[in-house]
$ cat protein-v9.txt   # compact mmCIF, C-alpha atoms
# COMPACT_ATOMS: atom_id res chain seq x y z
CA MET A 1 4.35 137.14 70.93
CA ALA A 2 4.83 136.07 67.27
CA TRP A 3 7.66 134.60 65.26
CA SER A 4 9.89 137.15 63.44
CA ARG A 5 9.58 136.81 59.67
CA GLN A 6 13.12 138.06 59.18
CA SER A 7 14.79 135.30 61.23
CA PRO A 8 15.10 131.63 60.20
CA LEU A 9 12.75 129.30 62.07
CA ARG A 10 15.57 127.15 63.41
CA PHE A 11 17.28 130.22 64.94
CA GLN A 12 13.99 131.28 66.53
CA PHE A 13 13.51 127.81 68.08
CA VAL A 14 17.04 127.83 69.51
CA ALA A 15 16.55 131.35 70.90
CA CYS A 16 13.22 130.44 72.57
CA GLN A 17 14.73 127.32 74.05
CA GLY A 18 17.68 129.27 75.46
CA ILE A 19 15.36 131.88 77.00
CA SER A 20 13.15 129.16 78.48
CA GLN A 21 16.16 127.35 79.99
CA PHE A 22 17.36 130.61 81.54
CA TYR A 23 13.97 131.37 83.15
CA VAL A 24 13.48 127.80 84.40
CA ALA A 25 17.02 127.65 85.81
CA ASN A 26 16.33 130.88 87.72
CA ALA A 27 12.85 129.72 88.87
CA HIS A 28 11.00 132.34 86.75
CA TYR A 29 8.43 129.77 85.64
CA SER A 30 5.70 132.21 84.63
CA ARG A 31 8.11 133.99 82.27
CA ALA A 32 9.30 130.72 80.75
CA GLU A 33 5.74 129.46 80.03
CA PRO A 34 5.02 131.64 76.89
CA TYR A 35 8.25 130.50 75.23
CA LEU A 36 7.58 126.86 76.09
CA GLU A 37 4.07 127.11 74.60
CA LEU A 38 5.52 128.54 71.36
CA LEU A 39 8.03 125.70 71.19
CA LEU A 40 5.30 123.07 71.62
CA LYS A 41 3.17 124.75 68.91
CA ALA A 42 6.08 124.82 66.43
CA PRO A 43 5.88 122.42 63.44
CA PRO A 44 7.32 119.00 64.50
CA GLN A 45 9.62 118.86 61.43
CA GLN A 46 11.31 122.08 62.56
CA VAL A 47 12.21 120.87 66.10
CA LEU A 48 14.90 118.23 66.59
CA PRO A 49 13.91 115.34 68.92
CA ASN A 50 16.75 116.16 71.32
CA TYR A 51 15.41 119.73 71.63
CA LEU A 52 11.88 118.40 72.17
CA THR A 53 13.06 116.26 75.13
CA GLY A 54 14.45 119.40 76.76
CA ILE A 55 11.15 121.25 76.17
CA HIS A 56 9.10 118.51 77.90
CA LEU A 57 11.61 118.37 80.78
CA MET A 58 11.26 122.15 81.32
CA TRP A 59 7.44 121.81 81.20
CA PHE A 60 7.77 119.09 83.84
CA LYS A 61 9.71 121.48 86.12
CA VAL A 62 7.25 124.37 85.51
CA ASP A 63 4.16 122.19 86.25
CA SER A 64 5.88 120.65 89.30
CA ALA A 65 6.65 124.11 90.66
CA ARG A 66 3.00 125.10 90.20
CA LYS A 67 1.87 121.80 91.79
CA ASN A 68 0.11 120.82 88.57
CA TYR A 69 1.23 117.24 89.07
CA PRO A 70 -0.95 115.46 86.42
CA GLN A 71 0.47 117.73 83.68
CA ALA A 72 3.96 117.38 85.16
CA ILE A 73 3.70 113.57 85.00
CA ARG A 74 2.40 113.71 81.41
CA HIS A 75 5.33 115.88 80.29
CA TYR A 76 7.81 113.69 82.15
CA GLN A 77 6.42 110.57 80.43
CA GLN A 78 6.78 112.27 77.01
CA TYR A 79 10.32 113.31 77.96
CA LYS A 80 11.26 109.70 78.85
CA ALA A 81 9.64 108.32 75.65
CA LEU A 82 11.57 110.79 73.44
CA GLN A 83 14.77 110.05 75.32
CA ASP A 84 14.37 106.31 74.65
CA SER A 85 13.67 106.92 70.94
CA ILE A 86 16.81 109.11 70.64
CA PHE A 87 18.86 106.39 72.30
CA ASN A 88 17.51 103.77 69.83
CA ALA A 89 18.24 106.11 66.89
CA THR A 90 21.83 106.51 68.13
CA LYS A 91 22.28 102.74 68.18
CA SER A 92 20.95 102.50 64.61
CA LYS A 93 23.38 105.18 63.46
CA GLN A 94 26.29 103.34 65.07
CA ILE A 95 25.29 100.14 63.25
CA ALA A 96 25.07 102.06 59.94
CA GLN A 97 28.50 103.57 60.62
CA LEU A 98 30.08 100.11 61.11
CA SER A 99 28.37 98.86 57.94
CA ILE A 100 29.80 101.78 55.93
CA GLN A 101 33.28 101.12 57.25
CA TYR A 102 32.99 97.46 56.29
CA GLU A 103 31.73 98.23 52.76
CA THR A 104 34.50 100.84 52.26
CA ALA A 105 37.23 98.39 53.27
CA LYS A 106 35.71 95.71 51.03
CA LYS A 107 35.59 97.98 47.97
CA GLU A 108 39.16 99.16 48.51
CA GLN A 109 40.23 95.52 48.57
CA ASP A 110 38.33 94.88 45.31
CA ILE A 111 40.13 97.83 43.67
CA LYS A 112 43.52 96.42 44.65
CA ILE A 113 42.57 92.99 43.23
CA LYS A 114 41.45 94.54 39.93
CA GLU A 115 44.70 96.51 39.63
CA LYS A 116 46.62 93.27 40.05
CA ASP A 117 44.44 91.65 37.37
CA ILE A 118 45.24 94.50 34.96
CA ALA A 119 48.99 94.06 35.48
CA LEU A 120 48.68 90.29 35.02
CA LEU A 121 46.65 90.78 31.85
CA LYS A 122 49.34 93.03 30.41
CA GLU A 123 51.99 90.44 31.12
CA GLN A 124 49.89 87.67 29.56
CA ASN A 125 49.26 89.73 26.44
CA LYS A 126 52.93 90.50 26.12
CA ALA A 127 53.84 86.82 26.42
CA GLN A 128 51.27 85.86 23.78
CA GLN A 129 52.66 88.47 21.40
CA ASN A 130 56.20 87.16 21.78
CA GLN A 131 55.01 83.63 20.99
CA ARG A 132 53.10 84.89 17.99
CA ASN A 133 56.20 86.73 16.68
CA ALA A 134 58.30 83.58 17.01
CA LEU A 135 55.81 81.54 15.00
CA ILE A 136 55.55 83.92 12.05
CA VAL A 137 59.30 84.51 11.61
CA GLY A 138 59.43 81.72 9.09
CA THR A 139 56.66 83.18 6.94
CA GLY A 140 58.67 86.18 5.98
CA LEU A 141 60.03 89.34 7.43
CA LEU A 142 57.48 91.60 5.78
CA ALA A 143 54.51 89.50 6.78
CA ALA A 144 55.93 89.26 10.28
CA ILE A 145 56.26 93.05 10.54
CA LEU A 146 52.70 93.60 9.26
CA VAL A 147 51.20 91.00 11.56
CA LEU A 148 53.23 92.28 14.47
CA GLY A 149 52.12 95.85 13.87
CA PHE A 150 48.46 94.84 13.54
CA ASN A 151 48.57 92.74 16.70
CA ARG A 152 50.22 95.51 18.66
CA TYR A 153 47.60 98.00 17.50
CA SER A 154 44.73 95.66 18.36
CA LEU A 155 46.26 94.89 21.73
CA LYS A 156 46.70 98.55 22.55
CA GLN A 157 43.11 99.39 21.60
CA ARG A 158 41.72 96.52 23.68
CA VAL A 159 43.84 97.38 26.69
CA ASN A 160 42.91 101.03 26.41
CA ARG A 161 39.23 100.19 26.35
CA GLN A 162 39.62 97.95 29.40
CA LEU A 163 41.58 100.61 31.23
CA GLN A 164 39.01 103.26 30.36
CA TYR A 165 36.14 101.09 31.62
CA GLN A 166 37.98 100.25 34.85
CA GLN A 167 38.79 103.91 35.43
CA GLN A 168 35.11 104.78 35.08
CA VAL A 169 34.21 102.09 37.62
CA LEU A 170 36.95 103.35 39.95
CA HIS A 171 35.71 106.96 39.73
CA ALA A 172 32.15 105.82 40.53
CA GLN A 173 33.35 103.86 43.57
CA GLN A 174 35.41 106.80 44.80
CA ALA A 175 32.37 109.06 44.52
CA GLN A 176 30.33 106.59 46.62
CA ILE A 177 33.10 106.40 49.23
CA LYS A 178 33.25 110.19 49.45
CA GLN A 179 29.47 110.42 49.90
CA LYS A 180 29.52 107.79 52.66
CA ASN A 181 32.41 109.53 54.41
CA GLU A 182 30.42 112.76 54.47
CA HIS A 183 27.43 110.89 55.91
CA LEU A 184 29.72 109.31 58.52
CA SER A 185 30.99 112.76 59.55
CA GLU A 186 27.39 113.90 60.10
CA LEU A 187 26.72 110.83 62.24
CA LEU A 188 29.80 111.54 64.39
CA THR A 189 28.67 115.13 64.90
CA ASP A 190 25.21 113.93 66.02
CA LYS A 191 26.91 111.44 68.34
CA ASP A 192 28.92 114.21 70.04
CA ILE A 193 25.74 116.26 70.56
CA LEU A 194 23.95 113.26 72.10
CA LEU A 195 26.89 112.58 74.44
CA LEU A 196 26.74 116.17 75.70
CA GLN A 197 23.01 115.83 76.31
CA LYS A 198 23.61 112.52 78.11
CA ASP A 199 26.05 114.19 80.53
CA THR A 200 23.48 116.91 81.24
CA LEU A 201 20.77 114.32 81.94
CA ILE A 202 23.08 112.38 84.28
CA GLU A 203 23.78 115.55 86.28
CA GLU A 204 20.05 116.26 86.55
CA LYS A 205 19.40 112.68 87.68
CA ASP A 206 22.08 112.92 90.38
CA GLN A 207 20.54 116.18 91.63
CA LEU A 208 17.08 114.59 91.84
CA LEU A 209 18.47 111.58 93.74
CA THR A 210 20.18 113.91 96.22
CA GLU A 211 16.92 115.81 96.78
CA LYS A 212 15.04 112.52 97.26
CA GLU A 213 17.58 111.33 99.86
CA TRP A 214 17.22 114.59 101.76
CA LEU A 215 13.42 114.35 101.73
CA VAL A 216 13.45 110.73 103.01
CA LYS A 217 15.80 111.72 105.82
CA GLU A 218 13.54 114.63 106.73
CA ILE A 219 10.51 112.30 106.81
CA HIS A 220 12.25 109.87 109.20
CA HIS A 221 13.34 112.79 111.37
CA ARG A 222 9.82 114.18 111.59
CA VAL A 223 8.29 110.75 112.30
CA LYS A 224 10.80 110.28 115.13
CA ASN A 225 9.88 113.71 116.54
CA ASN A 226 6.16 112.89 116.28
CA PHE A 227 6.73 109.65 118.22
CA HIS A 228 8.52 111.62 120.93
CA ILE A 229 5.60 114.07 121.09
CA VAL A 230 3.11 111.21 121.47
CA ALA A 231 5.27 109.60 124.18
CA SER A 232 5.50 112.93 126.00
CA LEU A 233 1.71 113.35 125.82
CA LEU A 234 1.29 109.88 127.31
CA GLU A 235 3.76 110.78 130.07
CA ILE A 236 1.75 113.91 130.89
CA GLN A 237 -1.50 111.92 130.84
CA SER A 238 -0.06 109.30 133.20
CA SER A 239 0.69 111.99 135.80
CA TYR A 240 -3.08 112.51 136.22
CA LEU A 241 -3.92 108.80 136.54
CA LYS A 242 -4.14 106.81 139.77
CA ASN A 243 -5.26 103.45 138.39
CA LYS A 244 -2.28 101.04 138.23
CA GLU A 245 -3.62 99.15 135.24
CA ALA A 246 -4.07 102.38 133.27
CA LEU A 247 -0.56 103.54 134.23
CA SER A 248 0.86 100.18 133.17
CA ALA A 249 -0.98 100.34 129.83
CA ILE A 250 0.35 103.85 129.16
CA LYS A 251 3.91 102.79 130.01
CA ASP A 252 3.60 99.79 127.66
CA SER A 253 2.38 102.11 124.92
CA GLN A 254 5.31 104.47 125.55
CA ASN A 255 7.75 101.57 125.22
CA ARG A 256 6.14 100.43 121.96
CA ILE A 257 6.31 103.96 120.57
CA HIS A 258 9.96 104.28 121.57
CA SER A 259 10.84 100.95 119.91
CA MET A 260 9.51 102.39 116.64
CA SER A 261 11.11 105.79 117.25
CA ILE A 262 14.55 104.18 117.49
CA ILE A 263 14.06 102.73 113.99
CA HIS A 264 13.40 106.14 112.45
CA GLN A 265 16.29 107.66 114.41
CA LYS A 266 18.61 104.98 112.94
CA LEU A 267 17.28 105.55 109.44
CA TYR A 268 17.74 109.32 109.76
CA GLN A 269 21.36 108.85 110.86
CA SER A 270 22.24 106.13 108.32
CA GLU A 271 23.41 106.44 104.73
CA THR A 272 21.11 103.72 103.34
CA LEU A 273 17.76 105.27 104.47
CA SER A 274 16.05 101.85 104.42
CA ILE A 275 18.31 99.25 106.13
CA ILE A 276 18.58 98.68 109.90
CA HIS A 277 21.67 97.05 111.47
CA MET A 278 19.96 94.78 114.01
CA PRO A 279 22.77 94.30 116.60
CA GLU A 280 22.97 98.06 117.26
CA TYR A 281 19.18 98.47 117.27
CA ILE A 282 18.49 95.58 119.68
CA TYR A 283 21.23 96.73 122.05
CA GLU A 284 19.80 100.27 122.15
CA LEU A 285 16.23 98.95 122.68
CA VAL A 286 17.35 96.74 125.59
CA GLU A 287 19.24 99.63 127.18
CA TYR A 288 16.12 101.82 126.97
CA LEU A 289 13.91 99.16 128.63
CA ARG A 290 16.46 98.64 131.42
CA GLU A 291 16.43 102.36 132.15
CA SER A 292 12.65 102.63 131.75
CA TYR A 293 11.95 99.89 134.35
CA SER A 294 15.01 100.72 136.53
CA ILE A 295 16.23 97.09 136.47
CA ARG A 296 19.88 97.60 135.53
CA GLU A 297 21.07 96.11 138.85
CA ASN A 298 18.30 93.50 139.19
CA ILE A 299 18.04 91.65 135.87
CA GLY A 300 20.91 90.61 133.61
CA PHE A 301 20.67 90.48 129.82
CA SER A 302 22.51 88.16 127.43
CA LEU A 303 22.53 89.24 123.77
CA GLN A 304 23.57 86.88 120.96
CA ILE A 305 22.78 88.85 117.82
CA GLU A 306 24.36 87.93 114.49
CA ASN A 307 25.40 90.60 112.00
CA ILE A 308 22.00 90.85 110.27
CA GLU A 309 20.37 93.76 108.43
CA LEU A 310 16.62 94.12 107.84
CA ASN A 311 14.47 96.60 105.96
CA HIS A 312 12.73 99.19 108.11
CA ALA A 313 9.28 97.52 107.95
CA SER A 314 10.58 94.15 109.21
CA ALA A 315 12.77 95.88 111.81
CA ILE A 316 9.78 97.81 113.26
CA THR A 317 7.72 94.59 113.57
CA LEU A 318 10.65 92.71 115.13
CA GLY A 319 11.24 95.61 117.54
CA LEU A 320 7.61 95.51 118.72
CA ILE A 321 7.86 91.74 119.29
CA LEU A 322 11.06 92.22 121.33
CA ASN A 323 9.51 95.08 123.34
CA GLU A 324 6.45 93.00 124.18
CA ALA A 325 8.40 89.85 125.09
CA ILE A 326 11.00 91.67 127.23
CA THR A 327 8.33 93.78 128.98
CA ASN A 328 6.29 90.66 129.85
CA ALA A 329 9.42 88.93 131.21
CA ILE A 330 10.34 91.96 133.34
CA LYS A 331 6.81 92.32 134.75
CA TYR A 332 5.71 88.70 135.25
CA ALA A 333 8.58 86.18 134.95
CA PHE A 334 10.52 86.79 138.18
CA THR A 335 8.94 86.31 141.59
CA LYS A 336 11.35 84.17 143.64
CA THR A 337 14.23 83.85 141.18
CA LYS A 338 17.52 85.15 142.57
CA ASP A 339 19.81 85.23 139.51
CA LYS A 340 17.39 86.87 137.10
CA GLN A 341 18.43 86.54 133.47
CA ILE A 342 16.86 87.37 130.07
CA SER A 343 18.49 85.97 126.93
CA ILE A 344 17.90 87.44 123.47
CA SER A 345 19.14 85.89 120.22
CA LEU A 346 18.74 86.58 116.50
CA SER A 347 20.40 84.07 114.19
CA ARG A 348 20.27 82.51 110.75
CA ILE A 349 18.92 78.97 110.74
CA SER A 350 19.15 78.63 106.94
CA ALA A 351 19.97 80.72 103.90
CA THR A 352 16.41 82.06 103.81
CA GLN A 353 15.19 81.96 107.44
CA LEU A 354 15.96 83.75 110.73
CA MET A 355 14.99 82.85 114.30
CA LEU A 356 14.33 85.38 117.06
CA GLY A 357 14.51 83.96 120.58
CA VAL A 358 13.60 85.56 123.92
CA ALA A 359 14.04 83.39 127.05
CA ASP A 360 14.07 83.96 130.80
CA ASN A 361 14.90 81.78 133.81
CA GLY A 362 11.78 82.79 135.71
CA ARG A 363 8.81 80.81 136.91
CA GLY A 364 7.54 79.89 133.41
CA LEU A 365 3.96 79.85 132.15
CA PRO A 366 1.06 79.02 134.48
CA GLY A 367 -0.32 75.51 134.08
CA ASP A 368 -3.67 76.78 132.81
CA PHE A 369 -2.14 79.39 130.45
CA ASN A 370 -4.00 79.63 127.13
CA THR A 371 -1.81 80.38 124.09
CA GLY A 372 -4.76 80.76 121.70
CA VAL A 373 -5.66 83.96 119.90
CA GLY A 374 -7.58 86.32 122.18
CA ALA A 375 -6.25 84.73 125.42
CA SER A 376 -4.60 88.03 126.37
CA MET A 377 -3.69 91.29 124.70
CA GLY A 378 0.04 90.56 124.90
CA MET A 379 -0.36 87.08 123.39
CA GLU A 380 -2.63 88.36 120.63
CA LEU A 381 -0.18 91.18 119.85
CA LEU A 382 2.80 88.79 119.67
CA GLN A 383 0.98 86.36 117.41
CA GLY A 384 -0.31 89.17 115.19
CA LEU A 385 3.15 90.70 114.81
CA ALA A 386 4.66 87.31 113.99
CA CYS A 387 1.98 86.86 111.34
CA ASP A 388 2.90 90.28 109.88
CA LEU A 389 6.46 89.00 109.46
CA GLY A 390 5.11 85.92 107.71
CA GLY A 391 6.63 83.81 110.49
CA ASN A 392 5.75 81.07 112.99
CA PHE A 393 5.31 81.95 116.69
CA SER A 394 5.83 79.51 119.55
CA ILE A 395 5.98 79.83 123.36
CA GLU A 396 6.84 77.14 125.91
CA THR A 397 8.12 76.56 129.46
CA ASN A 398 11.63 75.12 129.75
CA ASN A 399 13.42 76.33 132.90
CA GLY A 400 11.55 79.54 132.35
CA THR A 401 9.60 80.92 129.41
CA GLN A 402 10.96 80.60 125.87
CA ILE A 403 9.54 82.54 122.92
CA LYS A 404 10.62 81.78 119.34
CA VAL A 405 9.68 83.47 116.07
CA ILE A 406 10.93 81.89 112.82
CA PHE A 407 10.44 83.96 109.67
CA ASP A 408 11.64 84.22 106.08
CA TYR A 409 14.62 86.44 105.36
CA LYS A 410 16.11 87.94 102.22
CA SER A 411 19.61 89.44 102.38
CA GLN A 412 19.46 93.23 102.17
CA THR A 413 21.74 95.09 99.73
CA VAL A 414 22.44 98.82 99.73

$ encode --input "protein-v9.txt" --output "structure tokens"
Amino acid sequence: MAWSRQSPLRFQFVACQGISQFYVANAHYSRAEPYLELLLKAPPQQVLPNYLTGIHLMWFKVDSARKNYPQAIRHYQQYKALQDSIFNATKSKQIAQLSIQYETAKKEQDIKIKEKDIALLKEQNKAQQNQRNALIVGTGLLAAILVLGFNRYSLKQRVNRQLQYQQQVLHAQQAQIKQKNEHLSELLTDKDILLLQKDTLIEEKDQLLTEKEWLVKEIHHRVKNNFHIVASLLEIQSSYLKNKEALSAIKDSQNRIHSMSIIHQKLYQSETLSIIHMPEYIYELVEYLRESYSIRENIGFSLQIENIELNHASAITLGLILNEAITNAIKYAFTKTKDKQISISLSRISATQLMLGVADNGRGLPGDFNTGVGASMGMELLQGLACDLGGNFSIETNNGTQIKVIFDYKSQTV
């Protein structure tokens, strides 16, 4: 394809851009590519910057559709750079427009002042002439008439010259004002074009954000489904096992997987896609563990959870800590205790710190219990998870076992 010699270059560029936009909008990327290549090969002085931003944006869509992501990123970076330069140029034009308005107002004020000076000068000259006439009356009527005529003639010539000069200056100023007004009209036209392009870019941005939100939701949904598949596989595997320790390990793993699956279920159902409301999450996790271990009638739960929101990463870690602590309490804390109770709390202890507490009224820790790293898998897991939160882990016996995790907290905003 070649440029037509009978059509102006600007018309050809506009036509190619329109054809390219049509093909890209209808997902005919292969048909749009020849026109986009011609537009990129066109002389830079013939293509307006705002057109060039559109060309790079269409290249970005074509390369993205073909999964040529390095080229797509390069075109998108050029598109953003041109967009920033156009925005800076618009600001410069607005400043120039204000400067022109100020200079125009100032010159109009100067013209008014000069017109007043002309009128005052006429009055002063007239007063001087009257004084001069009064002084020469005594020298004779003829001399007075001659002097008066000469003075009037001289005055008229001088005033005429001044008026002629001022009129020339006024005409020159009016010509400058007209030229600046024409330039201002061009700037306003460019401004309207840029505003239209801005609206188009905002619509495209909103569409991309909507697509991103949908993709994130789909990811959380698929992760949740994958967790359920893994839990189901573990359930099937446990049906073939006879060893109690192996069955217990598989059940613990299922509970850990479910604690993470709840997070992704909450994220998929929420509007924020990244924030977890902890009271709802902890309640649902506790309800699952009560059903899993069939302890609804045997062990009571007390929840004191403040209205706190965490990002999904912190919520997953906190959920694993809760799962491990509650599971250990259910399995080991109660032997002879009648009124079995597990208390769970999550509260703010300062503007930047939270404390998670899990306590039971069971038999407490054995006297020879080792809280060091590597003492048991559960203890090592709890301490490792607390470290992931950047928090401090402690466990003690006080009318039962008490576990506390204190960690830094930053308020989450949507």

$ atom_distance --input "protein-v9.txt" --atom1 "CA of Lys331 in chain A" --atom2 "CA of Tyr293 in chain A"
9.2 Å

$ axis_aligned_box --input "protein-v9.txt" --around "range 116-133 of chain A" --padding-each-side "6 Å" --output "JSON"
{"center_x": 50.3, "center_y": 89.1, "center_z": 28.4, "size_x": 23.8, "size_y": 22.9, "size_z": 35.4}

$ atom_distance --input "protein-v9.txt" --atom1 "CA of Lys107 in chain A" --atom2 "CA of Leu184 in chain A"
16.6 Å

$ atom_distance --input "protein-v9.txt" --atom1 "CA of Gln174 in chain A" --atom2 "CA of Arg161 in chain A"
20.0 Å

$ residues_near_point --input "protein-v9.txt" --point "(17.5, 123.9, 73.3)" --cutoff "8 Å" --atoms "only C-alpha atoms" --output "PyMOL selection string"
chain A and resi 13-18+21+51-52+54-55
